[in-house]
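Below is the file protein12.txt, which contains compact mmCIF, C-alpha atoms (C1' of nucleotides).
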```
# COMPACT_ATOMS: atom_id res chain seq x y z
CA MET A 213 -294.80 121.71 -166.54
CA LYS A 214 -293.68 118.65 -164.60
CA ILE A 215 -292.72 115.62 -166.72
CA ALA A 216 -291.70 112.32 -165.12
CA THR A 217 -290.21 109.11 -166.52
CA TRP A 218 -290.36 105.73 -164.78
CA ASN A 219 -289.52 102.20 -165.85
CA VAL A 220 -292.19 100.47 -163.76
CA ASN A 221 -291.31 96.82 -164.55
CA SER A 222 -294.94 95.70 -165.03
CA VAL A 223 -297.74 98.23 -164.69
CA ARG A 224 -300.12 95.64 -163.25
CA ALA A 225 -297.72 94.34 -160.60
CA ARG A 226 -296.87 97.97 -159.72
CA LEU A 227 -300.31 99.60 -159.94
CA SER A 228 -300.66 100.75 -156.32
CA ASN A 229 -297.02 101.97 -156.21
CA ILE A 230 -297.71 104.07 -159.28
CA THR A 231 -301.07 105.51 -158.21
CA ASP A 232 -299.70 106.33 -154.73
CA TRP A 233 -296.80 108.14 -156.33
CA LEU A 234 -299.03 110.05 -158.75
CA LYS A 235 -301.16 111.26 -155.84
CA SER A 236 -298.18 112.51 -153.85
CA THR A 237 -296.12 113.92 -156.74
CA ALA A 238 -298.83 115.06 -159.17
CA PRO A 239 -296.78 115.33 -162.38
CA ASP A 240 -298.47 116.80 -165.47
CA VAL A 241 -297.05 113.96 -167.56
CA LEU A 242 -295.73 110.50 -166.69
CA VAL A 243 -294.07 108.31 -169.29
CA MET A 244 -293.73 104.66 -168.31
CA GLN A 245 -291.61 101.87 -169.76
CA GLU A 246 -291.73 98.09 -169.39
CA ILE A 247 -295.45 98.03 -168.73
CA LYS A 248 -295.30 94.35 -169.75
CA CYS A 249 -298.86 94.04 -170.96
CA GLU A 250 -300.90 94.34 -174.11
CA THR A 251 -302.70 97.61 -174.77
CA ASP A 252 -306.09 96.10 -173.89
CA ALA A 253 -304.81 94.87 -170.51
CA PHE A 254 -303.52 98.30 -169.47
CA PRO A 255 -305.32 99.58 -166.32
CA ALA A 256 -306.36 102.87 -167.96
CA MET A 257 -309.40 103.45 -165.73
CA GLU A 258 -307.31 103.61 -162.55
CA PHE A 259 -305.25 106.42 -164.07
CA GLN A 260 -308.27 108.20 -165.52
CA ALA A 261 -309.75 108.24 -162.02
CA LEU A 262 -306.73 110.35 -160.99
CA GLY A 263 -307.29 112.81 -163.84
CA TYR A 264 -304.92 111.38 -166.44
CA LYS A 265 -305.51 110.69 -170.09
CA THR A 266 -303.61 107.69 -171.42
CA HIS A 267 -302.07 106.46 -174.64
CA VAL A 268 -300.54 103.00 -174.64
CA LEU A 269 -298.34 100.99 -176.97
CA GLY A 270 -298.44 97.56 -175.38
CA GLN A 271 -296.94 94.15 -176.02
CA LYS A 272 -297.46 90.75 -174.45
CA SER A 273 -295.01 89.90 -171.62
CA TYR A 274 -292.19 92.28 -172.52
CA ASN A 275 -291.50 95.95 -173.19
CA GLY A 276 -294.49 98.27 -173.72
CA VAL A 277 -294.63 102.04 -173.18
CA ALA A 278 -297.42 104.32 -171.97
CA LEU A 279 -298.11 108.05 -171.73
CA LEU A 280 -300.17 109.62 -168.95
CA SER A 281 -301.12 113.29 -169.18
CA ARG A 282 -303.43 115.77 -167.50
CA GLU A 283 -303.67 117.74 -170.78
CA ALA A 284 -304.67 116.33 -174.17
CA ILE A 285 -302.29 113.88 -175.88
CA CYS A 286 -302.12 114.95 -179.56
CA ASP A 287 -300.55 113.77 -182.82
CA VAL A 288 -299.43 110.41 -181.44
CA GLN A 289 -296.82 108.42 -183.32
CA GLU A 290 -296.39 104.81 -182.25
CA GLY A 291 -292.96 103.28 -182.79
CA LEU A 292 -289.71 104.63 -184.19
CA PRO A 293 -289.75 105.06 -187.97
CA LEU A 294 -288.27 102.02 -189.75
CA TYR A 295 -286.38 104.09 -192.36
CA GLY A 296 -286.62 101.26 -194.85
CA GLY A 297 -285.72 98.52 -192.34
CA THR A 298 -287.80 95.47 -191.54
CA GLU A 299 -290.78 95.48 -189.22
CA ASP A 300 -290.00 96.04 -185.52
CA LEU A 301 -292.26 94.00 -183.25
CA GLN A 302 -290.94 95.39 -179.96
CA ALA A 303 -293.07 98.12 -178.32
CA ARG A 304 -290.39 100.57 -177.22
CA TYR A 305 -291.26 104.03 -178.50
CA ILE A 306 -294.16 106.45 -178.56
CA GLU A 307 -294.22 110.14 -179.34
CA ALA A 308 -296.91 112.79 -178.87
CA THR A 309 -297.52 116.51 -178.45
CA ILE A 310 -298.69 117.70 -175.05
CA SER A 311 -299.20 121.41 -174.25
CA GLY A 312 -297.05 122.34 -177.25
CA VAL A 313 -294.12 120.11 -176.25
CA ARG A 314 -293.14 117.14 -178.40
CA ILE A 315 -292.58 114.32 -175.90
CA ALA A 316 -291.00 110.98 -176.78
CA ASN A 317 -291.23 108.01 -174.43
CA LEU A 318 -288.54 105.46 -175.16
CA TYR A 319 -287.33 102.14 -173.84
CA LEU A 320 -283.98 101.60 -175.50
CA PRO A 321 -282.93 97.95 -175.88
CA ASN A 322 -280.70 96.54 -173.12
CA GLY A 323 -278.37 94.85 -175.62
CA ASN A 324 -276.88 92.14 -173.40
CA PRO A 325 -275.16 89.81 -174.03
CA MET A 326 -272.89 91.84 -176.29
CA ASP A 327 -271.81 89.00 -178.56
CA THR A 328 -275.36 88.31 -179.76
CA ASP A 329 -277.86 89.85 -182.15
CA LYS A 330 -279.32 91.67 -179.14
CA TYR A 331 -276.44 94.11 -179.19
CA ALA A 332 -276.74 94.55 -182.94
CA TYR A 333 -280.42 95.36 -182.38
CA LYS A 334 -279.50 97.94 -179.75
CA LEU A 335 -277.05 99.69 -182.08
CA ALA A 336 -279.50 99.61 -185.00
CA TRP A 337 -282.23 100.99 -182.74
CA MET A 338 -279.94 103.83 -181.64
CA LYS A 339 -279.21 104.62 -185.27
CA ARG A 340 -282.93 104.96 -185.96
CA LEU A 341 -283.31 107.10 -182.83
CA HIS A 342 -280.45 109.34 -183.99
CA ARG A 343 -282.16 109.87 -187.30
CA ARG A 344 -285.51 110.61 -185.65
CA MET A 345 -283.90 113.05 -183.22
CA GLY A 346 -282.40 114.91 -186.16
CA GLU A 347 -285.83 115.22 -187.72
CA LEU A 348 -287.33 116.44 -184.45
CA LEU A 349 -284.76 119.25 -184.25
CA LYS A 350 -286.13 120.64 -187.49
CA THR A 351 -289.61 121.12 -186.04
CA GLU A 352 -290.46 124.39 -184.38
CA MET A 353 -291.35 122.61 -181.15
CA PRO A 354 -289.49 122.12 -177.89
CA VAL A 355 -288.60 118.41 -177.77
CA VAL A 356 -288.22 116.19 -174.69
CA LEU A 357 -287.06 112.58 -175.12
CA ALA A 358 -287.57 110.73 -171.86
CA GLY A 359 -287.10 107.17 -170.82
CA ASP A 360 -284.94 104.19 -170.00
CA TYR A 361 -281.95 104.59 -172.34
CA ASN A 362 -280.12 101.55 -170.94
CA ILE A 363 -276.96 103.66 -171.25
CA ILE A 364 -274.59 104.65 -168.45
CA PRO A 365 -273.22 107.92 -169.85
CA ALA A 366 -270.01 108.16 -167.77
CA ALA A 367 -267.98 106.59 -164.95
CA THR A 368 -269.70 108.79 -162.35
CA ASP A 369 -273.00 107.17 -163.32
CA VAL A 370 -272.14 103.64 -162.15
CA TYR A 371 -271.02 102.25 -158.78
CA ASP A 372 -268.25 100.11 -160.30
CA PRO A 373 -267.09 101.47 -163.69
CA LYS A 374 -264.34 98.84 -164.14
CA GLY A 375 -266.73 95.99 -163.53
CA TRP A 376 -269.16 97.29 -166.14
CA GLU A 377 -266.72 97.90 -169.05
CA GLY A 378 -267.85 94.79 -170.90
CA ASP A 379 -271.56 95.36 -170.38
CA ALA A 380 -273.83 96.62 -173.14
CA LEU A 381 -274.98 99.49 -170.90
CA TYR A 382 -271.48 100.91 -170.44
CA HIS A 383 -269.32 99.57 -173.27
CA PRO A 384 -267.36 102.40 -174.98
CA LYS A 385 -269.31 101.70 -178.16
CA SER A 386 -272.62 102.24 -176.35
CA ARG A 387 -271.39 105.45 -174.73
CA ALA A 388 -270.10 106.74 -178.06
CA GLN A 389 -273.53 106.20 -179.61
CA PHE A 390 -275.13 108.11 -176.75
CA GLN A 391 -272.67 110.98 -177.27
CA ARG A 392 -273.68 111.03 -180.92
CA LEU A 393 -277.26 111.71 -179.85
CA LEU A 394 -276.12 114.62 -177.69
CA ALA A 395 -273.88 115.94 -180.48
CA LEU A 396 -277.00 116.62 -182.54
CA GLY A 397 -277.59 119.48 -180.12
CA TYR A 398 -279.45 117.85 -177.25
CA THR A 399 -278.90 118.48 -173.54
CA GLU A 400 -278.98 115.68 -170.97
CA ALA A 401 -280.95 117.49 -168.30
CA PHE A 402 -279.79 115.86 -165.07
CA ARG A 403 -276.06 116.13 -165.77
CA ALA A 404 -276.40 119.66 -167.16
CA LEU A 405 -278.04 120.81 -163.92
CA HIS A 406 -275.90 118.69 -161.56
CA PRO A 407 -272.45 118.53 -163.16
CA LYS A 408 -270.63 117.35 -160.01
CA GLN A 409 -273.21 115.13 -158.34
CA GLU A 410 -271.94 111.59 -157.73
CA LYS A 411 -273.77 108.40 -156.83
CA ALA A 412 -277.00 109.70 -158.32
CA TYR A 413 -278.66 106.58 -159.69
CA THR A 414 -282.02 105.65 -161.20
CA PHE A 415 -281.71 101.84 -161.20
CA TRP A 416 -280.64 99.28 -158.61
CA ASP A 417 -280.63 95.57 -159.40
CA TYR A 418 -282.89 93.35 -157.31
CA GLN A 419 -279.93 91.08 -156.65
CA ALA A 420 -277.00 91.11 -154.24
CA GLY A 421 -278.34 93.89 -152.04
CA ALA A 422 -277.78 96.51 -154.71
CA TRP A 423 -280.31 98.95 -153.23
CA PRO A 424 -279.15 98.93 -149.58
CA ARG A 425 -275.52 99.19 -150.78
CA ASN A 426 -276.41 101.94 -153.28
CA ASN A 427 -274.87 99.87 -156.07
CA GLY A 428 -276.81 101.69 -158.76
CA LEU A 429 -276.72 102.91 -162.33
CA ARG A 430 -277.96 106.15 -163.87
CA ILE A 431 -279.66 104.97 -167.07
CA ASP A 432 -282.97 106.88 -167.16
CA HIS A 433 -282.54 110.23 -168.88
CA PHE A 434 -284.16 113.33 -170.34
CA LEU A 435 -282.70 114.65 -173.59
CA LEU A 436 -283.82 118.18 -174.47
CA SER A 437 -283.72 120.14 -177.71
CA PRO A 438 -282.34 123.69 -177.40
CA GLU A 439 -285.89 125.11 -177.23
CA ALA A 440 -286.72 122.76 -174.34
CA ALA A 441 -283.36 123.26 -172.60
CA ASP A 442 -284.06 127.00 -172.50
CA ARG A 443 -287.12 126.24 -170.39
CA MET A 444 -285.40 123.81 -168.00
CA VAL A 445 -286.01 124.57 -164.31
CA SER A 446 -285.00 121.38 -162.49
CA CYS A 447 -284.30 117.68 -162.94
CA THR A 448 -284.41 115.43 -159.90
CA ILE A 449 -284.32 111.74 -159.08
CA ASP A 450 -286.99 110.62 -156.62
CA ALA A 451 -285.44 107.58 -154.95
CA LEU A 452 -288.27 107.05 -152.45
CA PRO A 453 -290.32 104.66 -154.64
CA ARG A 454 -287.31 102.31 -154.82
CA ALA A 455 -287.36 101.86 -151.04
CA VAL A 456 -290.91 100.57 -150.69
CA ASP A 457 -292.15 96.99 -150.70
CA LYS A 458 -292.55 95.41 -154.14
CA ALA A 459 -290.65 98.28 -155.79
CA SER A 460 -289.66 98.49 -159.44
CA ASP A 461 -285.90 98.20 -159.92
CA HIS A 462 -286.02 101.73 -161.42
CA THR A 463 -287.11 104.95 -159.71
CA PRO A 464 -288.75 108.04 -161.28
CA VAL A 465 -286.87 111.04 -162.64
CA ILE A 466 -288.71 114.37 -162.81
CA LEU A 467 -288.09 117.26 -165.17
CA GLU A 468 -289.63 120.67 -164.66
CA LEU A 469 -290.01 123.11 -167.56
CA ARG A 470 -291.10 126.75 -167.20
C1' DA B 217 -265.90 83.09 -159.53
C1' DT B 218 -270.51 82.44 -158.31
C1' DG B 219 -274.98 83.60 -156.98
C1' DG B 220 -277.92 86.62 -155.79
C1' DT B 221 -284.09 88.69 -157.62
C1' DT B 222 -288.31 89.80 -160.07
C1' DG B 223 -292.19 89.44 -163.57
C1' DT B 224 -294.53 86.93 -167.08
C1' DT B 225 -295.58 82.65 -168.49
C1' DC B 226 -295.87 77.88 -169.28
C1' DC B 227 -290.47 76.96 -168.91
C1' DA B 228 -287.30 79.52 -169.65
C1' DC B 229 -286.39 84.25 -170.85
C1' DA B 230 -285.43 89.03 -170.15
C1' DA B 231 -283.56 92.23 -167.20
```
Taking this structure as input, can you express it in the form of C-alpha cells?
Amino acid sequence: MKIATWNVNSVRARLSNITDWLKSTAPDVLVMQEIKCETDAFPAMEFQALGYKTHVLGQKSYNGVALLSREAICDVQEGLPLYGGTEDLQARYIEATISGVRIANLYLPNGNPMDTDKYAYKLAWMKRLHRRMGELLKTEMPVVLAGDYNIIPAATDVYDPKGWEGDALYHPKSRAQFQRLLALGYTEAFRALHPKQEKAYTFWDYQAGAWPRNNGLRIDHFLLSPEAADRMVSCTIDALPRAVDKASDHTPVILELR
DNA sequence: ATGGTTGTTCCACAA
C-alpha cells in the first residue's frame, strides 16, 4: 500500500501538477494539505476520473485538507476533537479508515510569529493532537498520521539550523512537543529508514532562490503506530514535482506499507 | 539587515 502526503498550496492552482503526478506515481492514497478552497469548490471530478474517491474538509482561502483513495474511505472524522475547548474554525485535520489502516491527514499550524497568539494556537493544537494520538494507539488498527507538521525535527533537517532557532518551526519548544508525540510510541518513518541522510528536504521557500540552492526544510512527515511501523517498507521524498513550472513550495513524500 | 515569492482576495494576510 502506497500512501503519499503533499502540501499542494492550492488544489485549483496546482490541479495539472497533481493529476500528472498521480498518473506517473499511482499512489493508493494521497493526502493533501492547504487545498485553499471550500469543499464545494474542490475539483473532485478530475480525481474521480483517475480512479480516486475523495473526502474533503475545505475552508475559504486558507488551510483545507483532502483525502484521495483508490479503495473506500470509511469512518471519516473531520477535525481534531476539541476536548472541551472552544470551536476550531480552521480546516486542518481529517481522519479515516482505508483498507484497514487508520489514516490521519493533518496540517499543523505554522505558528509564526512566535510572540503572537498564532504560536499559542500551534502549541494548543499539538496538545490536542497528542491526546488524539494516544487514543489512536488504543485501537487495534495500524495508524498512519501524515501531513505538513510545520516542525523541523532536528538540525539535519534544515539548511541553516542557527538561522532558524527563533522560528516557530524549529524553536526548541516546538521540537520538544514533536518529541512528545514520538514518545507515545510512534515512529517517524523517513528518519527511521534513513538515519544518516542529510539535506533531505520536503519544502523550499519560493523566495531567495531556495530551491536552486537546496535551502530546504524537512517538515512533512509520516508518524506510524507500532502496528504500522512493523509493515513499513520504504519512505521516500519525490523532489521532482518541486522542479516544475508553477510548483507548490512542498514536494510529496511517499510511504510504502506491506 | 533587507528583500526576495506565491495564492487568495479585495487589500492585506498567510506562508
When the cut-off is 9 Å and we count only C-alpha atoms (C1' of nucleotides), which residues of chain B are near chain A, given as an mmCIF file with C-alpha atoms (C1' of nucleotides), in the frame of the given file?
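What ended up in iface.cif:
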```cif
data_model
loop_
_atom_site.group_PDB
_atom_site.id
_atom_site.type_symbol
_atom_site.label_atom_id
_atom_site.label_comp_id
_atom_site.auth_asym_id
_atom_site.auth_seq_id
_atom_site.Cartn_x
_atom_site.Cartn_y
_atom_site.Cartn_z
ATOM 1 C "C1'" DG B 219 -274.980 83.600 -156.980
ATOM 2 C "C1'" DG B 220 -277.920 86.620 -155.790
ATOM 3 C "C1'" DT B 221 -284.090 88.690 -157.620
ATOM 4 C "C1'" DT B 222 -288.310 89.800 -160.070
ATOM 5 C "C1'" DG B 223 -292.190 89.440 -163.570
ATOM 6 C "C1'" DT B 224 -294.530 86.930 -167.080
ATOM 7 C "C1'" DT B 225 -295.580 82.650 -168.490
ATOM 8 C "C1'" DA B 230 -285.430 89.030 -170.150
ATOM 9 C "C1'" DA B 231 -283.560 92.230 -167.200
#
```
(Q) Quick one: residues within 8 Å of range 251-258 of chain A, all atoms listed in the file, excluding same-chain residues fewer than 5 positions away - as an MDAnalysis selection string? (A) chainID A and resid 223:224 231 266 268:271
Q: Take CA of Val288 in chain A and CA of Thr309 in chain A and report the distance between them in Å, one decimal.
A: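 Between CA of Val288 in chain A and CA of Thr309 in chain A the gap is 7.1 Å.
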Q | Two-atom distance - CA of His433 in chain A, CA of Gly359 in chain A (Å) | A |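 Value for the CA of His433 in chain A-CA of Gly359 in chain A distance: 5.8 Å.
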Q: Using CA of Leu279 in chain A and CA of Trp218 in chain A as the two end points, give the distance in Å to one decimal.
A: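 That distance, rounded to one decimal, is 10.7 Å.
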Q.
Which residues are close to Met326 in chain A, i.e. within 10 Å by all atoms listed in the file, leaving aside same-chain residues fewer than 2 positions away? Reply as a list in words.
A.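 Contacts, with the query itself left out: Asn322, Gly323, Asn324, Thr328, Asp329, Lys330, Tyr331, Ala332, Lys334, Gly378, Asp379, Ala380, Leu381 and His383 of chain A.
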Write a file of the selected residues as a PDB file, keeping the file's coordinate frame, keeping C-alpha atoms.
```
ATOM      1  CA  ASN A 322    -280.700  96.540-173.120  1.00  0.00           C
ATOM      2  CA  GLY A 323    -278.370  94.850-175.620  1.00  0.00           C
ATOM      3  CA  ASN A 324    -276.880  92.140-173.400  1.00  0.00           C
ATOM      4  CA  THR A 328    -275.360  88.310-179.760  1.00  0.00           C
ATOM      5  CA  ASP A 329    -277.860  89.850-182.150  1.00  0.00           C
ATOM      6  CA  LYS A 330    -279.320  91.670-179.140  1.00  0.00           C
ATOM      7  CA  TYR A 331    -276.440  94.110-179.190  1.00  0.00           C
ATOM      8  CA  ALA A 332    -276.740  94.550-182.940  1.00  0.00           C
ATOM      9  CA  LYS A 334    -279.500  97.940-179.750  1.00  0.00           C
ATOM     10  CA  GLY A 378    -267.850  94.790-170.900  1.00  0.00           C
ATOM     11  CA  ASP A 379    -271.560  95.360-170.380  1.00  0.00           C
ATOM     12  CA  ALA A 380    -273.830  96.620-173.140  1.00  0.00           C
ATOM     13  CA  LEU A 381    -274.980  99.490-170.900  1.00  0.00           C
ATOM     14  CA  HIS A 383    -269.320  99.570-173.270  1.00  0.00           C
TER      15      HIS A 383
END
```
Q) When distances are computed from only C-alpha atoms, which of A:Gln389, A:Thr463, A:Asn362, A:Thr448 shows the smallest separation from Leu318 in chain A? A) A:Asn362
Q | Given all atoms listed in the file as the counted atoms, nearest of A:Gly397, A:Pro407, A:Pro453, A:Pro321 to Tyr361 in chain A | A |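 Residue with the minimum atom-to-atom distance to Tyr361 in chain A: A:Pro321.
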Q.
Residues within 8 Å of Gly263 in chain A, please, as a list in words. Count all atoms listed in the file; anything in the same chain fewer than 3 positions from it doesn't count.
A. Phe259, Gln260 and Arg282 of chain A
Residue selection dump (C-alpha atoms) as a PDB file, in the coordinates of the input:
```pdb
ATOM      1  CA  PHE A 259    -305.250 106.420-164.070  1.00  0.00           C
ATOM      2  CA  GLN A 260    -308.270 108.200-165.520  1.00  0.00           C
ATOM      3  CA  ARG A 282    -303.430 115.770-167.500  1.00  0.00           C
TER       4      ARG A 282
END
```
